[in-house]
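One file, start-v5.cif, carrying mmCIF, C-alpha atoms:
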data_target
#
loop_
_atom_site.label_atom_id
_atom_site.label_comp_id
_atom_site.auth_asym_id
_atom_site.auth_seq_id
_atom_site.Cartn_x
_atom_site.Cartn_y
_atom_site.Cartn_z
CA MET A 451 -0.38 20.79 -7.30
CA ILE A 452 -2.04 19.36 -4.18
CA GLU A 453 0.45 18.92 -1.31
CA TYR A 454 -1.93 17.29 1.16
CA LEU A 455 -5.61 16.84 2.01
CA ARG A 456 -6.89 17.20 5.55
CA GLY A 457 -10.50 16.53 6.36
CA GLU A 458 -13.14 14.05 7.39
CA ILE A 459 -12.85 10.44 6.23
CA ALA A 460 -16.10 10.02 4.28
CA GLU A 461 -15.30 6.48 3.05
CA LEU A 462 -12.40 4.11 3.63
CA THR A 463 -11.40 0.77 2.11
CA PRO A 464 -7.96 -0.90 2.19
CA ALA A 465 -7.36 0.49 -1.33
CA THR A 466 -9.05 3.92 -1.35
CA ALA A 467 -9.92 6.81 0.95
CA ILE A 468 -12.43 9.58 0.29
CA ILE A 469 -11.47 12.69 2.25
CA GLU A 470 -14.04 15.47 2.51
CA CYS A 471 -12.50 18.94 2.48
CA ALA A 472 -14.84 21.96 2.62
CA GLY A 473 -17.73 19.97 1.19
CA VAL A 474 -15.72 18.36 -1.64
CA GLY A 475 -14.88 14.63 -1.51
CA TYR A 476 -11.48 13.69 -2.91
CA GLU A 477 -10.82 10.03 -3.68
CA ALA A 478 -7.23 8.92 -3.16
CA SER A 479 -5.69 5.53 -3.89
CA ILE A 480 -3.90 4.41 -0.74
CA THR A 481 -1.55 1.66 0.45
CA LEU A 482 -2.25 -0.82 3.24
CA ASN A 483 0.18 1.07 5.49
CA THR A 484 -1.87 4.24 5.07
CA TYR A 485 -5.10 2.30 5.61
CA SER A 486 -3.70 0.91 8.89
CA ALA A 487 -2.59 4.38 10.01
CA ILE A 488 -5.95 6.12 9.45
CA GLN A 489 -8.39 3.25 10.09
CA GLY A 490 -10.83 4.04 12.90
CA LYS A 491 -10.18 7.79 12.78
CA LYS A 492 -12.77 10.43 11.91
CA GLU A 493 -10.29 12.77 10.25
CA ALA A 494 -7.04 12.27 8.35
CA LYS A 495 -4.25 14.16 6.67
CA LEU A 496 -2.93 12.52 3.51
CA TYR A 497 0.14 13.66 1.58
CA ILE A 498 -0.79 13.60 -2.09
CA TYR A 499 0.85 12.67 -5.36
CA GLU A 500 -1.23 13.76 -8.35
CA VAL A 501 -1.26 11.98 -11.72
CA ILE A 502 -2.77 14.05 -14.51
CA ARG A 503 -2.86 12.61 -18.01
CA GLU A 504 -5.25 12.92 -20.96
CA ASP A 505 -7.11 9.77 -19.95
CA THR A 506 -6.89 9.98 -16.16
CA HIS A 507 -6.72 12.24 -13.12
CA GLN A 508 -5.69 10.17 -10.10
CA LEU A 509 -4.66 11.03 -6.57
CA PHE A 510 -2.41 8.79 -4.47
CA GLY A 511 -2.55 9.45 -0.72
CA PHE A 512 0.06 8.66 1.95
CA PHE A 513 -0.02 8.93 5.74
CA ASN A 514 3.46 10.45 5.90
CA LYS A 515 6.08 12.07 3.67
CA GLN A 516 8.45 9.08 3.87
CA GLU A 517 5.91 6.80 2.24
CA ARG A 518 5.24 9.35 -0.50
CA GLU A 519 8.97 9.79 -1.05
CA LEU A 520 9.42 6.02 -1.39
CA PHE A 521 6.48 5.92 -3.84
CA LEU A 522 8.14 8.65 -5.96
CA LEU A 523 11.42 6.70 -5.98
CA LEU A 524 9.62 3.51 -7.05
CA ILE A 525 7.80 5.16 -9.97
CA SER A 526 11.11 6.69 -11.12
CA VAL A 527 12.25 3.13 -11.93
CA SER A 528 11.53 2.12 -15.53
CA GLY A 529 8.57 -0.27 -15.76
CA ILE A 530 6.92 0.74 -12.47
CA GLY A 531 3.70 2.74 -12.56
CA GLY A 532 1.63 4.17 -9.74
CA ASN A 533 -0.49 1.08 -9.12
CA THR A 534 2.51 -1.27 -9.10
CA ALA A 535 4.33 1.05 -6.66
CA ARG A 536 1.23 1.06 -4.44
CA THR A 537 1.13 -2.76 -4.50
CA ILE A 538 4.81 -2.90 -3.48
CA LEU A 539 4.17 -0.46 -0.63
CA SER A 540 1.16 -2.54 0.44
CA ALA A 541 3.19 -5.76 0.58
CA PHE A 542 5.83 -4.28 2.93
CA THR A 543 6.10 -1.69 5.66
CA ILE A 544 8.39 1.24 4.80
CA GLY A 545 11.11 -0.27 7.00
CA GLU A 546 10.81 -3.73 5.45
CA LEU A 547 11.01 -2.32 1.92
CA CYS A 548 14.05 -0.18 2.76
CA ASP A 549 15.76 -3.23 4.32
CA THR A 550 14.88 -5.41 1.32
CA ILE A 551 16.33 -2.90 -1.16
CA SER A 552 19.40 -2.17 1.01
CA SER A 553 20.22 -5.88 1.37
CA GLY A 554 19.64 -6.49 -2.35
CA ASP A 555 17.03 -9.18 -1.71
CA GLU A 556 15.56 -9.51 -5.21
CA LYS A 557 13.79 -12.76 -4.29
CA ILE A 558 11.47 -11.01 -1.81
CA LEU A 559 10.79 -8.13 -4.23
CA LYS A 560 10.01 -10.63 -6.98
CA SER A 561 7.23 -12.13 -4.82
CA VAL A 562 5.10 -8.99 -5.41
CA LYS A 563 2.55 -9.13 -8.24
CA GLY A 564 3.85 -7.46 -11.41
CA ILE A 565 7.51 -7.55 -10.36
CA GLY A 566 9.77 -9.83 -12.39
CA LEU A 567 13.45 -10.57 -11.78
CA LYS A 568 14.72 -7.76 -14.04
CA THR A 569 12.43 -5.17 -12.46
CA ALA A 570 13.44 -6.32 -8.95
CA GLN A 571 17.11 -5.98 -9.91
CA ARG A 572 16.47 -2.51 -11.39
CA ILE A 573 14.75 -1.36 -8.18
CA ILE A 574 17.74 -2.52 -6.11
CA VAL A 575 20.40 -1.01 -8.41
CA GLU A 576 18.64 2.34 -8.88
CA LEU A 577 17.30 2.89 -5.35
CA LYS A 578 19.88 1.30 -3.01
CA ASP A 579 21.70 4.58 -2.38
CA LYS A 580 18.62 6.81 -2.59
CA ILE A 581 16.64 5.14 0.22
CA VAL A 582 19.23 5.82 2.93
CA SER A 583 17.66 9.14 3.96
CA ILE A 584 14.16 7.60 4.05
CA ALA A 585 15.30 4.63 6.14
CA ALA A 586 16.88 7.02 8.67
CA GLY A 587 13.61 8.90 9.26
CA ILE A 588 11.12 6.03 9.51
CA PRO A 589 8.59 6.59 12.31
CA THR A 590 7.71 3.60 14.45
CA ALA A 591 4.03 2.73 14.27
CA ALA A 592 1.99 1.10 17.00
CA ALA A 593 0.94 -2.46 16.28
CA PRO A 594 -2.68 -2.66 15.13
CA ALA A 595 -5.25 -4.48 17.25
CA THR A 596 -6.06 -8.04 16.17
CA PRO A 597 -9.77 -8.79 16.46
CA ASN A 598 -11.19 -12.28 15.87
CA ILE A 599 -11.50 -13.17 12.21
CA ASN A 600 -14.95 -12.84 10.71
CA LYS A 601 -16.68 -12.96 7.34
CA GLU A 602 -16.60 -9.18 7.00
CA THR A 603 -12.82 -9.11 7.51
CA VAL A 604 -12.33 -11.79 4.83
CA ASN A 605 -14.68 -10.01 2.40
CA GLU A 606 -12.92 -6.67 2.92
CA ALA A 607 -9.52 -8.26 2.27
CA VAL A 608 -10.79 -9.96 -0.90
CA SER A 609 -12.37 -6.77 -2.26
CA ALA A 610 -9.13 -4.84 -1.60
CA LEU A 611 -7.12 -7.43 -3.54
CA VAL A 612 -9.62 -7.25 -6.42
CA MET A 613 -9.16 -3.43 -6.42
CA LEU A 614 -5.40 -4.01 -6.61
CA GLY A 615 -5.96 -6.04 -9.80
CA PHE A 616 -6.15 -9.68 -8.67
CA PRO A 617 -8.87 -12.03 -9.98
CA ALA A 618 -11.71 -12.38 -7.44
CA ALA A 619 -11.65 -16.19 -7.38
CA ALA A 620 -7.90 -16.39 -6.75
CA ALA A 621 -8.00 -13.62 -4.12
CA ASN A 622 -10.87 -15.32 -2.29
CA LYS A 623 -9.15 -18.72 -2.28
CA VAL A 624 -5.87 -17.34 -0.90
CA VAL A 625 -7.53 -15.10 1.72
CA GLN A 626 -9.73 -17.96 2.95
CA GLY A 627 -6.61 -20.15 3.30
CA VAL A 628 -4.71 -17.45 5.20
CA ALA A 629 -7.74 -16.80 7.46
CA LYS A 630 -7.93 -20.48 8.42
CA GLU A 631 -4.22 -20.60 9.30
CA GLN A 632 -4.22 -17.28 11.13
CA PRO A 633 -7.75 -16.56 12.40
CA GLU A 634 -6.62 -13.58 14.50
CA SER A 635 -5.41 -11.61 11.46
CA THR A 636 -6.67 -8.08 10.78
CA VAL A 637 -7.79 -7.04 7.27
CA GLU A 638 -4.38 -5.54 6.49
CA GLN A 639 -2.51 -8.60 7.81
CA LEU A 640 -4.69 -10.88 5.67
CA ILE A 641 -3.96 -8.77 2.59
CA LYS A 642 -0.21 -8.65 3.27
CA LEU A 643 -0.04 -12.42 3.71
CA ALA A 644 -2.21 -13.01 0.63
CA LEU A 645 -0.03 -10.69 -1.48
CA LYS A 646 2.94 -12.94 -0.78
CA GLN A 647 1.03 -15.96 -2.13
CA LEU A 648 -0.80 -14.53 -5.14
#

How would this structure read if it were set down as structure tokens?
Amino acid sequence: MIEYLRGEIAELTPATAIIECAGVGYEASITLNTYSAIQGKKEAKLYIYEVIREDTHQLFGFFNKQERELFLLLISVSGIGGNTARTILSAFTIGELCDTISSGDEKILKSVKGIGLKTAQRIIVELKDKIVSIAAGIPTAAAPATPNINKETVNEAVSALVMLGFPAAAANKVVQGVAKEQPESTVEQLIKLALKQL
């Protein structure tokens, strides 16, 4: 079992990170929160959750233990797999998700791709009491810088949404619309806003 990876960031997209440790590159699926936390750094430490099945061997990486703990709680809910949990964690910050579950706001949860009303209700019922300890230990993150919007930012946001399972045409249309309304958005802000519309 891999607890964490610490090494040089060889490649980074809003959906995946390749961390080089002692000459070996490990690819981990990441959330937007993790992307924001390690973007621009040369090295990173990611807490890992490993999925090993007959047909797949996948690593999920998280910038802190709270995010990994929340991921583990989400996949414990019937009907939620690793990629759906990652999409949920990309649509909200840890604090926002804890608040949404605590307040029982199924409408906001339902706005995430792949989450229907019954699944949203299950998340709230099963996790409401379990997230208390996570919510208490949430670190406060510095706000990311907001450079001027450019084509590269839009393209990166679209490719991340495609990696998360959205059709390219739909992702492009929504991201372009968000970029016009909020031209100062960063890649992660564009993706978060687009996730609420897709």

Tell me which residues the PyMOL selection byres ((chain A and resi 512-525) around 9) grabs here, as a PDB file with C-alpha atoms, in the coordinates of the input.
ATOM      1  CA  TYR A 454      -1.930  17.290   1.160  1.00  0.00           C
ATOM      2  CA  ALA A 478      -7.230   8.920  -3.160  1.00  0.00           C
ATOM      3  CA  SER A 479      -5.690   5.530  -3.890  1.00  0.00           C
ATOM      4  CA  ILE A 480      -3.900   4.410  -0.740  1.00  0.00           C
ATOM      5  CA  THR A 481      -1.550   1.660   0.450  1.00  0.00           C
ATOM      6  CA  ASN A 483       0.180   1.070   5.490  1.00  0.00           C
ATOM      7  CA  THR A 484      -1.870   4.240   5.070  1.00  0.00           C
ATOM      8  CA  TYR A 485      -5.100   2.300   5.610  1.00  0.00           C
ATOM      9  CA  ALA A 487      -2.590   4.380  10.010  1.00  0.00           C
ATOM     10  CA  ILE A 488      -5.950   6.120   9.450  1.00  0.00           C
ATOM     11  CA  ALA A 494      -7.040  12.270   8.350  1.00  0.00           C
ATOM     12  CA  LYS A 495      -4.250  14.160   6.670  1.00  0.00           C
ATOM     13  CA  LEU A 496      -2.930  12.520   3.510  1.00  0.00           C
ATOM     14  CA  TYR A 497       0.140  13.660   1.580  1.00  0.00           C
ATOM     15  CA  ILE A 498      -0.790  13.600  -2.090  1.00  0.00           C
ATOM     16  CA  TYR A 499       0.850  12.670  -5.360  1.00  0.00           C
ATOM     17  CA  PHE A 510      -2.410   8.790  -4.470  1.00  0.00           C
ATOM     18  CA  GLY A 511      -2.550   9.450  -0.720  1.00  0.00           C
ATOM     19  CA  SER A 526      11.110   6.690 -11.120  1.00  0.00           C
ATOM     20  CA  VAL A 527      12.250   3.130 -11.930  1.00  0.00           C
ATOM     21  CA  SER A 528      11.530   2.120 -15.530  1.00  0.00           C
ATOM     22  CA  GLY A 529       8.570  -0.270 -15.760  1.00  0.00           C
ATOM     23  CA  ILE A 530       6.920   0.740 -12.470  1.00  0.00           C
ATOM     24  CA  GLY A 531       3.700   2.740 -12.560  1.00  0.00           C
ATOM     25  CA  GLY A 532       1.630   4.170  -9.740  1.00  0.00           C
ATOM     26  CA  THR A 534       2.510  -1.270  -9.100  1.00  0.00           C
ATOM     27  CA  ALA A 535       4.330   1.050  -6.660  1.00  0.00           C
ATOM     28  CA  ARG A 536       1.230   1.060  -4.440  1.00  0.00           C
ATOM     29  CA  ILE A 538       4.810  -2.900  -3.480  1.00  0.00           C
ATOM     30  CA  LEU A 539       4.170  -0.460  -0.630  1.00  0.00           C
ATOM     31  CA  ILE A 544       8.390   1.240   4.800  1.00  0.00           C
ATOM     32  CA  CYS A 548      14.050  -0.180   2.760  1.00  0.00           C
ATOM     33  CA  ILE A 573      14.750  -1.360  -8.180  1.00  0.00           C
ATOM     34  CA  GLU A 576      18.640   2.340  -8.880  1.00  0.00           C
ATOM     35  CA  LEU A 577      17.300   2.890  -5.350  1.00  0.00           C
ATOM     36  CA  LYS A 580      18.620   6.810  -2.590  1.00  0.00           C
ATOM     37  CA  ILE A 581      16.640   5.140   0.220  1.00  0.00           C
ATOM     38  CA  ILE A 584      14.160   7.600   4.050  1.00  0.00           C
ATOM     39  CA  ALA A 585      15.300   4.630   6.140  1.00  0.00           C
ATOM     40  CA  GLY A 587      13.610   8.900   9.260  1.00  0.00           C
ATOM     41  CA  ILE A 588      11.120   6.030   9.510  1.00  0.00           C
ATOM     42  CA  PRO A 589       8.590   6.590  12.310  1.00  0.00           C
TER      43      PRO A 589
END

Next on the checklist: As an exercise, work out the distance from atom CA of A:Gly475 to atom CA of A:Pro617 in Å and give it to one decimal place.
Outcome noted: 28.6 Å

Next on the checklist: Considering only C-alpha atoms, can you say which of A:Ile468, A:Leu455, A:Ala541, A:Ile641 comes closest to A:Leu611?
Outcome noted: A:Ile641

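Rounded to one decimal, atom CA of A:Leu640 and atom CA of A:Glu461 lie 20.5 Å from each other.
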
Item to check | Between atom CA of A:Ala570 and atom CA of A:Lys557, distance in Å (one decimal) | outcome: 8.0 Å

Item to check | Residues matched by the PyMOL selection byres ((chain A and resi 620) around 12), written as a PyMOL selection string | outcome: chain A and resi 608-609+611-612+615-619+621-627+644-645+647-648

Export, as an mmCIF file, in the coordinates of the input, the selected residues with C-alpha atoms.
data_model
loop_
_atom_site.group_PDB
_atom_site.id
_atom_site.type_symbol
_atom_site.label_atom_id
_atom_site.label_comp_id
_atom_site.auth_asym_id
_atom_site.auth_seq_id
_atom_site.Cartn_x
_atom_site.Cartn_y
_atom_site.Cartn_z
ATOM 1 C CA VAL A 608 -10.790 -9.960 -0.900
ATOM 2 C CA SER A 609 -12.370 -6.770 -2.260
ATOM 3 C CA LEU A 611 -7.120 -7.430 -3.540
ATOM 4 C CA VAL A 612 -9.620 -7.250 -6.420
ATOM 5 C CA GLY A 615 -5.960 -6.040 -9.800
ATOM 6 C CA PHE A 616 -6.150 -9.680 -8.670
ATOM 7 C CA PRO A 617 -8.870 -12.030 -9.980
ATOM 8 C CA ALA A 618 -11.710 -12.380 -7.440
ATOM 9 C CA ALA A 619 -11.650 -16.190 -7.380
ATOM 10 C CA ALA A 621 -8.000 -13.620 -4.120
ATOM 11 C CA ASN A 622 -10.870 -15.320 -2.290
ATOM 12 C CA LYS A 623 -9.150 -18.720 -2.280
ATOM 13 C CA VAL A 624 -5.870 -17.340 -0.900
ATOM 14 C CA VAL A 625 -7.530 -15.100 1.720
ATOM 15 C CA GLN A 626 -9.730 -17.960 2.950
ATOM 16 C CA GLY A 627 -6.610 -20.150 3.300
ATOM 17 C CA ALA A 644 -2.210 -13.010 0.630
ATOM 18 C CA LEU A 645 -0.030 -10.690 -1.480
ATOM 19 C CA GLN A 647 1.030 -15.960 -2.130
ATOM 20 C CA LEU A 648 -0.800 -14.530 -5.140
#
